[in-house]
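Listing of structure_14.cif, mmCIF, C-alpha atoms
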```cif
data_target
loop_
_atom_site.label_atom_id
_atom_site.label_comp_id
_atom_site.auth_asym_id
_atom_site.auth_seq_id
_atom_site.Cartn_x
_atom_site.Cartn_y
_atom_site.Cartn_z
CA MET F 721 4.60 -70.41 65.63
CA LYS F 722 5.60 -67.63 67.97
CA TYR F 723 9.18 -67.19 66.75
CA PHE F 724 10.98 -67.70 63.45
CA ASP F 725 14.64 -68.54 63.07
CA ALA F 726 15.28 -67.04 59.64
CA HIS F 727 18.69 -68.66 59.21
CA THR F 728 19.90 -71.86 60.80
CA HIS F 729 21.99 -74.89 59.86
CA VAL F 730 20.57 -77.93 61.62
CA ASN F 731 21.53 -79.76 58.42
CA PHE F 732 25.21 -79.52 59.43
CA VAL F 733 27.13 -82.42 60.96
CA ALA F 734 27.14 -80.58 64.31
CA TYR F 735 23.61 -82.02 64.76
CA ASN F 736 24.23 -85.57 63.55
CA ASP F 737 23.73 -87.00 67.03
CA ASP F 738 20.53 -85.16 67.92
CA ARG F 739 19.10 -83.48 64.83
CA GLU F 740 15.52 -84.62 65.35
CA GLN F 741 15.58 -83.75 69.05
CA THR F 742 16.89 -80.27 68.19
CA ILE F 743 14.09 -79.69 65.69
CA LEU F 744 11.46 -80.98 68.11
CA ARG F 745 12.78 -78.77 70.93
CA ALA F 746 12.27 -75.80 68.62
CA HIS F 747 8.79 -77.04 67.73
CA ASP F 748 7.86 -77.30 71.39
CA ALA F 749 9.16 -73.75 71.94
CA GLY F 750 6.95 -72.42 69.15
CA VAL F 751 9.88 -71.87 66.77
CA GLY F 752 9.71 -72.25 63.01
CA MET F 753 12.99 -72.35 61.15
CA ASN F 754 14.59 -71.75 57.78
CA VAL F 755 17.32 -74.36 57.26
CA VAL F 756 19.90 -72.90 54.92
CA GLY F 757 22.11 -74.72 52.46
CA THR F 758 25.72 -73.77 51.84
CA GLN F 759 26.43 -76.03 48.83
CA PHE F 760 24.49 -78.65 46.91
CA ASP F 761 24.73 -81.43 49.50
CA THR F 762 23.61 -79.25 52.42
CA SER F 763 20.95 -77.61 50.24
CA ARG F 764 19.53 -81.02 49.41
CA SER F 765 19.55 -82.02 53.08
CA SER F 766 17.75 -78.79 54.00
CA VAL F 767 14.96 -79.68 51.57
CA GLU F 768 14.76 -83.22 52.97
CA LEU F 769 14.34 -81.84 56.49
CA ALA F 770 11.74 -79.29 55.36
CA GLU F 771 9.70 -82.03 53.73
CA LYS F 772 9.81 -84.09 56.93
CA TYR F 773 9.02 -81.53 59.66
CA ASP F 774 6.16 -79.05 59.65
CA ASN F 775 8.14 -76.31 61.43
CA VAL F 776 11.01 -76.45 58.92
CA TRP F 777 11.47 -74.67 55.59
CA ALA F 778 14.48 -74.70 53.28
CA THR F 779 16.81 -72.30 51.50
CA ILE F 780 19.01 -73.61 48.69
CA GLY F 781 22.24 -72.16 47.38
CA LEU F 782 26.00 -71.97 47.29
CA HIS F 783 27.83 -70.03 49.99
CA PRO F 784 30.44 -67.68 48.49
CA ILE F 785 33.19 -69.31 50.51
CA HIS F 786 32.40 -72.64 48.83
CA THR F 787 32.92 -71.33 45.31
CA SER F 788 36.65 -72.06 45.55
CA LYS F 789 38.98 -74.02 47.80
CA SER F 790 38.88 -72.45 51.23
CA TYR F 791 39.11 -73.03 54.98
CA HIS F 792 36.12 -74.30 56.97
CA ASP F 793 35.57 -75.79 60.38
CA GLU F 794 34.26 -79.25 61.11
CA LYS F 795 30.87 -78.13 62.42
CA GLU F 796 29.63 -77.84 58.84
CA LEU F 797 30.86 -80.88 56.95
CA GLY F 798 32.86 -82.84 59.47
CA PRO F 799 36.58 -83.55 59.77
CA SER F 800 39.06 -83.41 56.95
CA PHE F 801 38.46 -86.59 55.02
CA ALA F 802 42.16 -86.86 54.28
CA GLU F 803 43.09 -86.53 57.94
CA ALA F 804 40.33 -88.84 59.12
CA SER F 805 41.39 -91.52 56.65
CA LYS F 806 44.87 -91.45 58.15
CA GLY F 807 43.45 -92.27 61.54
CA LYS F 808 44.13 -88.82 62.93
CA GLY F 809 40.50 -88.17 63.80
CA GLU F 810 38.81 -84.81 63.61
CA VAL F 811 40.74 -81.67 62.82
CA GLU F 812 39.77 -78.11 63.55
CA GLY F 813 39.32 -77.15 59.93
CA PHE F 814 39.91 -78.27 56.40
CA THR F 815 40.02 -77.10 52.82
CA SER F 816 36.78 -77.50 50.86
CA ARG F 817 36.92 -78.74 47.31
CA GLY F 818 35.06 -75.75 45.89
CA GLU F 819 31.85 -76.16 43.89
CA ASN F 820 30.80 -74.95 40.46
CA PHE F 821 27.23 -73.68 40.65
CA ASP F 822 24.95 -76.09 38.74
CA MET F 823 21.85 -74.11 37.80
CA SER F 824 19.83 -77.10 36.58
CA ALA F 825 20.46 -79.11 39.75
CA TYR F 826 19.36 -76.22 41.97
CA VAL F 827 16.29 -75.57 39.80
CA GLU F 828 15.24 -79.17 40.48
CA LEU F 829 15.71 -78.67 44.23
CA GLY F 830 13.74 -75.45 44.01
CA LYS F 831 10.65 -77.27 42.78
CA SER F 832 9.88 -78.35 46.34
CA PRO F 833 7.08 -76.22 47.82
CA ARG F 834 9.09 -76.14 51.06
CA VAL F 835 11.86 -74.06 49.47
CA ILE F 836 11.37 -70.43 50.50
CA ALA F 837 14.59 -68.68 49.42
CA VAL F 838 17.84 -68.88 47.46
CA GLY F 839 21.16 -68.70 49.30
CA GLU F 840 23.06 -68.22 51.32
CA CYS F 841 24.67 -66.40 48.46
CA GLY F 842 26.65 -63.20 48.17
CA LEU F 843 30.19 -62.06 48.81
CA ASP F 844 32.62 -63.14 51.52
CA TYR F 845 35.85 -61.15 51.45
CA TYR F 846 37.16 -62.39 54.80
CA ARG F 847 40.00 -64.38 53.24
CA ALA F 848 39.40 -63.51 49.60
CA ASP F 849 41.84 -62.34 46.95
CA LYS F 850 41.10 -60.81 43.54
CA GLU F 851 40.82 -64.19 41.84
CA SER F 852 38.43 -65.73 44.35
CA LYS F 853 36.44 -62.48 44.44
CA ALA F 854 35.74 -62.76 40.72
CA VAL F 855 34.54 -66.35 41.16
CA GLN F 856 32.25 -65.28 44.01
CA VAL F 857 30.71 -62.49 41.97
CA ALA F 858 29.97 -64.85 39.08
CA ALA F 859 28.30 -67.40 41.37
CA PHE F 860 26.33 -64.62 43.07
CA VAL F 861 24.94 -63.43 39.75
CA GLU F 862 23.94 -66.99 38.81
CA GLN F 863 22.07 -67.42 42.09
CA ILE F 864 20.27 -64.14 41.65
CA GLU F 865 19.15 -65.47 38.28
CA LEU F 866 17.98 -68.65 40.03
CA ALA F 867 15.98 -66.56 42.51
CA ASN F 868 14.50 -64.55 39.64
CA THR F 869 13.53 -67.79 37.87
CA LEU F 870 11.98 -69.38 40.95
CA GLY F 871 10.40 -66.14 42.17
CA LYS F 872 12.01 -66.68 45.58
CA PRO F 873 13.69 -64.11 47.84
CA LEU F 874 17.45 -64.00 48.32
CA MET F 875 19.23 -64.98 51.52
CA LEU F 876 22.34 -62.81 51.43
CA HIS F 877 25.69 -63.58 53.03
CA ILE F 878 27.96 -60.54 52.99
CA ARG F 879 31.20 -60.43 54.98
CA PRO F 880 33.92 -57.76 54.88
CA GLY F 881 37.55 -58.68 54.27
CA LEU F 882 40.51 -59.01 56.60
CA ARG F 883 42.59 -55.85 56.29
CA SER F 884 45.75 -57.83 56.96
CA LEU F 885 45.24 -59.66 53.65
CA GLY F 886 44.96 -56.49 51.61
CA GLU F 887 41.90 -54.63 50.41
CA VAL F 888 39.76 -56.51 47.88
CA GLY F 889 36.89 -54.04 47.99
CA ASN F 890 33.86 -53.26 50.12
CA ALA F 891 31.71 -56.39 50.24
CA TYR F 892 28.51 -54.52 51.09
CA GLU F 893 28.95 -51.91 48.35
CA ASP F 894 29.92 -54.54 45.78
CA ALA F 895 26.90 -56.67 46.71
CA LEU F 896 24.59 -53.68 46.36
CA GLU F 897 25.86 -53.05 42.84
CA VAL F 898 25.35 -56.68 41.82
CA ILE F 899 21.83 -56.67 43.27
CA LYS F 900 20.89 -53.43 41.54
CA SER F 901 22.13 -54.79 38.22
CA HIS F 902 20.54 -58.24 38.33
CA ALA F 903 17.90 -58.83 41.02
CA LYS F 904 14.18 -58.81 40.28
CA VAL F 905 13.45 -60.11 43.77
CA ARG F 906 14.30 -58.91 47.25
CA GLY F 907 15.12 -60.84 50.42
CA ASP F 908 17.09 -60.72 53.65
CA VAL F 909 20.60 -59.65 54.63
CA HIS F 910 21.60 -62.49 56.94
CA PHE F 911 23.77 -61.70 60.00
CA PHE F 912 23.87 -58.00 59.15
CA ALA F 913 27.14 -56.52 60.43
CA GLY F 914 27.29 -53.13 58.75
CA ASN F 915 26.63 -49.63 60.04
CA TRP F 916 23.46 -47.55 59.79
CA ASP F 917 24.49 -45.88 56.53
CA THR F 918 24.93 -49.29 54.90
CA ALA F 919 21.72 -50.59 56.47
CA LYS F 920 19.72 -47.75 54.93
CA LYS F 921 20.92 -48.72 51.45
CA PHE F 922 19.58 -52.25 51.80
CA LEU F 923 16.38 -51.09 53.45
CA ASP F 924 15.80 -48.65 50.60
CA LEU F 925 16.01 -51.60 48.17
CA GLY F 926 13.41 -53.49 50.21
CA PHE F 927 15.72 -55.99 51.94
CA THR F 928 15.13 -56.94 55.55
CA LEU F 929 18.01 -57.20 58.03
CA SER F 930 18.39 -60.18 60.34
CA PHE F 931 20.32 -60.36 63.60
CA THR F 932 21.86 -63.19 65.59
CA GLY F 933 22.79 -63.92 69.19
CA VAL F 934 25.77 -61.59 68.79
CA ILE F 935 23.47 -58.73 69.79
CA THR F 936 23.11 -60.29 73.27
CA PHE F 937 26.77 -59.65 74.08
CA THR F 938 27.80 -56.62 72.01
CA HIS F 939 26.33 -53.17 71.37
CA ASP F 940 27.84 -52.86 67.87
CA TYR F 941 24.48 -53.11 66.11
CA ASP F 942 22.24 -51.23 68.54
CA GLU F 943 22.04 -48.15 66.30
CA VAL F 944 20.79 -50.16 63.33
CA ILE F 945 18.27 -52.11 65.42
CA LYS F 946 16.93 -48.90 66.99
CA ASN F 947 16.62 -46.99 63.72
CA ALA F 948 15.38 -49.65 61.31
CA PRO F 949 11.61 -49.98 60.87
CA LEU F 950 10.36 -52.89 62.98
CA ASP F 951 8.65 -54.40 59.96
CA MET F 952 12.06 -54.75 58.26
CA LEU F 953 13.77 -56.83 60.97
CA LEU F 954 14.17 -60.60 61.27
CA SER F 955 15.60 -62.86 63.99
CA GLU F 956 18.00 -65.74 63.41
CA THR F 957 20.47 -67.99 65.23
CA ASP F 958 22.94 -68.99 62.48
CA ALA F 959 23.18 -72.13 64.60
CA PRO F 960 25.42 -73.92 65.43
CA TYR F 961 27.39 -70.66 65.63
CA VAL F 962 27.18 -67.43 67.73
CA THR F 963 25.21 -68.80 70.66
CA PRO F 964 23.36 -66.03 72.54
CA ALA F 965 23.72 -65.24 76.21
CA PRO F 966 22.95 -66.95 78.58
CA HIS F 967 24.06 -70.07 76.66
CA ARG F 968 27.42 -68.86 75.36
CA GLY F 969 30.02 -71.60 75.20
CA LYS F 970 27.42 -74.19 74.17
CA ARG F 971 26.34 -75.23 70.69
CA ASN F 972 23.62 -72.93 69.39
CA GLU F 973 20.20 -74.16 68.27
CA PRO F 974 16.97 -72.71 66.83
CA ALA F 975 15.09 -72.79 70.15
CA TYR F 976 17.44 -70.03 71.34
CA VAL F 977 16.09 -67.52 68.82
CA GLU F 978 13.79 -66.27 71.58
CA TYR F 979 16.81 -64.61 73.21
CA VAL F 980 17.50 -62.68 70.00
CA VAL F 981 13.91 -61.45 69.79
CA ARG F 982 13.97 -60.50 73.47
CA LYS F 983 17.15 -58.46 72.94
CA ILE F 984 15.76 -56.69 69.87
CA ALA F 985 12.78 -55.60 71.98
CA GLU F 986 15.07 -54.45 74.79
CA ILE F 987 17.29 -52.42 72.46
CA ARG F 988 14.28 -50.75 70.88
CA GLY F 989 12.54 -50.19 74.21
CA GLU F 990 9.41 -51.90 72.94
CA ASP F 991 7.06 -54.57 74.27
CA GLN F 992 8.48 -58.05 73.65
CA GLU F 993 5.13 -59.53 72.61
CA LYS F 994 4.65 -56.77 70.05
CA VAL F 995 8.15 -57.24 68.66
CA SER F 996 7.79 -61.02 68.57
CA ALA F 997 4.50 -60.83 66.69
CA GLN F 998 5.84 -58.32 64.17
CA ILE F 999 9.02 -60.28 63.46
CA MET F 1000 6.92 -63.41 62.92
CA ALA F 1001 4.71 -61.47 60.51
CA ASN F 1002 7.81 -60.15 58.73
CA ALA F 1003 9.14 -63.67 58.20
CA LYS F 1004 5.84 -64.85 56.77
CA ARG F 1005 5.76 -61.87 54.41
CA VAL F 1006 9.37 -62.10 53.22
CA PHE F 1007 9.38 -65.86 52.70
CA GLY F 1008 5.77 -66.32 51.60
CA ILE F 1009 4.94 -68.68 54.46
CA ARG F 1010 1.30 -69.47 54.99
#
```
As structure tokens, how would this structure be written, given the file I've shared?
Amino acid sequence: MKYFDAHTHVNFVAYNDDREQTILRAHDAGVGMNVVGTQFDTSRSSVELAEKYDNVWATIGLHPIHTSKSYHDEKELGPSFAEASKGKGEVEGFTSRGENFDMSAYVELGKSPRVIAVGECGLDYYRADKESKAVQVAAFVEQIELANTLGKPLMLHIRPGLRSLGEVGNAYEDALEVIKSHAKVRGDVHFFAGNWDTAKKFLDLGFTLSFTGVITFTHDYDEVIKNAPLDMLLSETDAPYVTPAPHRGKRNEPAYVEYVVRKIAEIRGEDQEKVSAQIMANAKRVFGIR
């Protein structure tokens, strides 16, 4: 492996027509990948893929947005079943049923040697209110306990809230407090979107920061990428979302993680081969990949 996509979702329905081809394209490009679950069904499918392909590993967990009924788009789980059953075909988004975190079921999934992390778990305040925030926090704590039990790193999802919906708190600060109170393991902050002051707080706790194709078309995170130690950075696609330039407008896929690594090197003003090798070493260290 030359590159590692630390966070991807080739288990989503967006890849139903060409999942194997997508994985093999990544393999041919020297890309290993961490396929991340967002609820029990997608966690189970991530493990199944990891046990089938030698360049795939799995992360299991419950996304904070799935802890209660909430809006999602069809790239993850497909069209609204209610709408589809009425013959209306696919819709842009739908309301998920919400899932209660089942510790015993996830412990069983975690017995696979191909499971390398727990998540994506954390806090998503984008459309949250006080009630859903409390549910998210409870599920986050349970998943930290799962990670502690399995001895696996955390894959964190942390997203600030929409100001138009009213302030429910600072997702990054709240997540830090939960981690400090409960976590015996460390891990990665997926799709880091905070500032340098926030980044330092996670780095000080021993968490790596991972970046997506967003960095190929915005300068919002240049300061963090420049200032963070190279051995604390990871690359990811978050595919099928946030496709990097020059492929914007198309569905994202793990093979495109090279563009993220290339941009990290450019922002830092460092040799791409050096950066690529270090990020690969970081992934192996964080996730215990041999």
Residues of range 857-886 of chain F at most 12 Å from range 754-776 of chain F: nearest atom pair and distance in Å, only C-alpha atoms, as a Markdown table:
```
| residue | atom | partner | partner_atom | distance |
| --- | --- | --- | --- | --- |
| F:Ala859 | CA | F:Gln759 | CA | 11.6 |
| F:Gln863 | CA | F:Gln759 | CA | 11.8 |
| F:Leu874 | CA | F:Val756 | CA | 11.3 |
| F:Met875 | CA | F:Val756 | CA | 8.6 |
| F:Leu876 | CA | F:Val756 | CA | 11.0 |
| F:His877 | CA | F:Thr758 | CA | 10.3 |
```
What does the PyMOL selection byres ((chain F and resi 746) around 12) select in this file, as a PyMOL selection string?
-> chain F and resi 721-725+728+730+739-745+747-754+773-776+957+972-978
Please write the residues picked by the PyMOL selection byres ((chain F and resi 898) around 10) on this file as a JSON list (two decimals) with C-alpha atoms, in the frame of the given file.
```json
[["chain", "number", "residue", "atom", "x", "y", "z"],
["F", 842, "GLY", "CA", 26.65, -63.20, 48.17],
["F", 857, "VAL", "CA", 30.71, -62.49, 41.97],
["F", 858, "ALA", "CA", 29.97, -64.85, 39.08],
["F", 860, "PHE", "CA", 26.33, -64.62, 43.07],
["F", 861, "VAL", "CA", 24.94, -63.43, 39.75],
["F", 864, "ILE", "CA", 20.27, -64.14, 41.65],
["F", 893, "GLU", "CA", 28.95, -51.91, 48.35],
["F", 894, "ASP", "CA", 29.92, -54.54, 45.78],
["F", 895, "ALA", "CA", 26.90, -56.67, 46.71],
["F", 896, "LEU", "CA", 24.59, -53.68, 46.36],
["F", 897, "GLU", "CA", 25.86, -53.05, 42.84],
["F", 899, "ILE", "CA", 21.83, -56.67, 43.27],
["F", 900, "LYS", "CA", 20.89, -53.43, 41.54],
["F", 901, "SER", "CA", 22.13, -54.79, 38.22],
["F", 902, "HIS", "CA", 20.54, -58.24, 38.33],
["F", 903, "ALA", "CA", 17.90, -58.83, 41.02]]
```
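Each of F:Tyr826, F:Phe821, F:Tyr892, F:Tyr961 was compared to Lys921 in chain F using only C-alpha atoms, and F:Tyr892 turns out to be the nearest.
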One decimal place gives the CA of Ile987 in chain F-CA of Ile945 in chain F separation as 7.1 Å
Output check: residues returned by the PyMOL selection byres ((chain F and resi 941) around 10), as an NGL selection string | :F and (912-916 or 931 or 934-935 or 938-940 or 942-946 or 987)
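Checking F:Gly926, F:Gly889, F:Gly1008, F:Gly839 one by one against Val905 in chain F, counting all atoms listed in the file, you find the shortest gap at F:Gly926.
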Using only C-alpha atoms, which residue out of F:Ile785, F:Ala959, F:Ala825, F:Ala778 lies closest to Asp849 in chain F?
->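 Nearest to Asp849 in chain F: F:Ile785.
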Please identify all polymer residues within 7 Å of Phe732 in chain F, counting all atoms listed in the file, omitting same-chain residues fewer than 6 positions from it, and present them as a list in words.
->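 Contacts, with the query itself left out: Lys795, Glu796 and Leu797 of chain F.
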For the residues in that selection, give me C-alpha atoms as an mmCIF file, keeping the file's coordinate frame.
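Result written to selection.cif:
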```cif
data_model
loop_
_atom_site.group_PDB
_atom_site.id
_atom_site.type_symbol
_atom_site.label_atom_id
_atom_site.label_comp_id
_atom_site.auth_asym_id
_atom_site.auth_seq_id
_atom_site.Cartn_x
_atom_site.Cartn_y
_atom_site.Cartn_z
ATOM 1 C CA LYS F 795 30.870 -78.130 62.420
ATOM 2 C CA GLU F 796 29.630 -77.840 58.840
ATOM 3 C CA LEU F 797 30.860 -80.880 56.950
#
```
Could you check which of F:Lys920, F:His727, F:Lys853, F:His967 is closest to Ala837 in chain F, using only C-alpha atoms?
->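 Under the stated criterion, the closest residue is F:His727.
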Would you mind listing what lies within 7 Å of Phe927 in chain F as a PyMOL selection string, with all atoms listed in the file counted and same-chain residues fewer than 6 positions away left out?
-> chain F and resi 906-909
Within 9 Å of Ala1003 in chain F using all atoms listed in the file, minus same-chain residues under 6 positions, as a list in words =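 So, after excluding close chain neighbours, the residues are Phe724, Asp725, Ala726, Leu953, Leu954, Ser955 and Ile1009 of chain F.
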Could you save the residues just selected, with C-alpha atoms, as a JSON list (two decimals), in the coordinates of the input?
```json
[["chain", "number", "residue", "atom", "x", "y", "z"],
["F", 724, "PHE", "CA", 10.98, -67.70, 63.45],
["F", 725, "ASP", "CA", 14.64, -68.54, 63.07],
["F", 726, "ALA", "CA", 15.28, -67.04, 59.64],
["F", 953, "LEU", "CA", 13.77, -56.83, 60.97],
["F", 954, "LEU", "CA", 14.17, -60.60, 61.27],
["F", 955, "SER", "CA", 15.60, -62.86, 63.99],
["F", 1009, "ILE", "CA", 4.94, -68.68, 54.46]]
```
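If you look at CA of Pro880 in chain F and CA of Asn731 in chain F, they are 25.5 Å away from each other.
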Report the distance between CA of Met1000 in chain F and CA of Glu862 in chain F in Å, rounded to one decimal place.
-> 29.7 Å
Kindly indicate which residue among F:Val962, F:Val981, F:Leu866, F:Leu782 lies nearest to Gly830 in chain F, using only C-alpha atoms for the distances.
-> F:Leu866
From the set F:Ile878, F:Ile780, F:Ala867, F:Ala854, which residue has the shortest atom-to-atom contact distance to Arg834 in chain F, counting all atoms listed in the file?
->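 Of F:Ile878, F:Ile780, F:Ala867, F:Ala854, the one nearest Arg834 in chain F, counting all atoms listed in the file, is F:Ile780.
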Hey, could you pull the box centre and edge lengths for range 747-750 of chain F, axis-aligned, 4 Å padding per side, all listed atoms, to one decimal in Å, as lines of an AutoDock Vina configuration file?
```
center_x = 8.1
center_y = -74.9
center_z = 69.8
size_x = 10.2
size_y = 12.9
size_z = 12.2
```
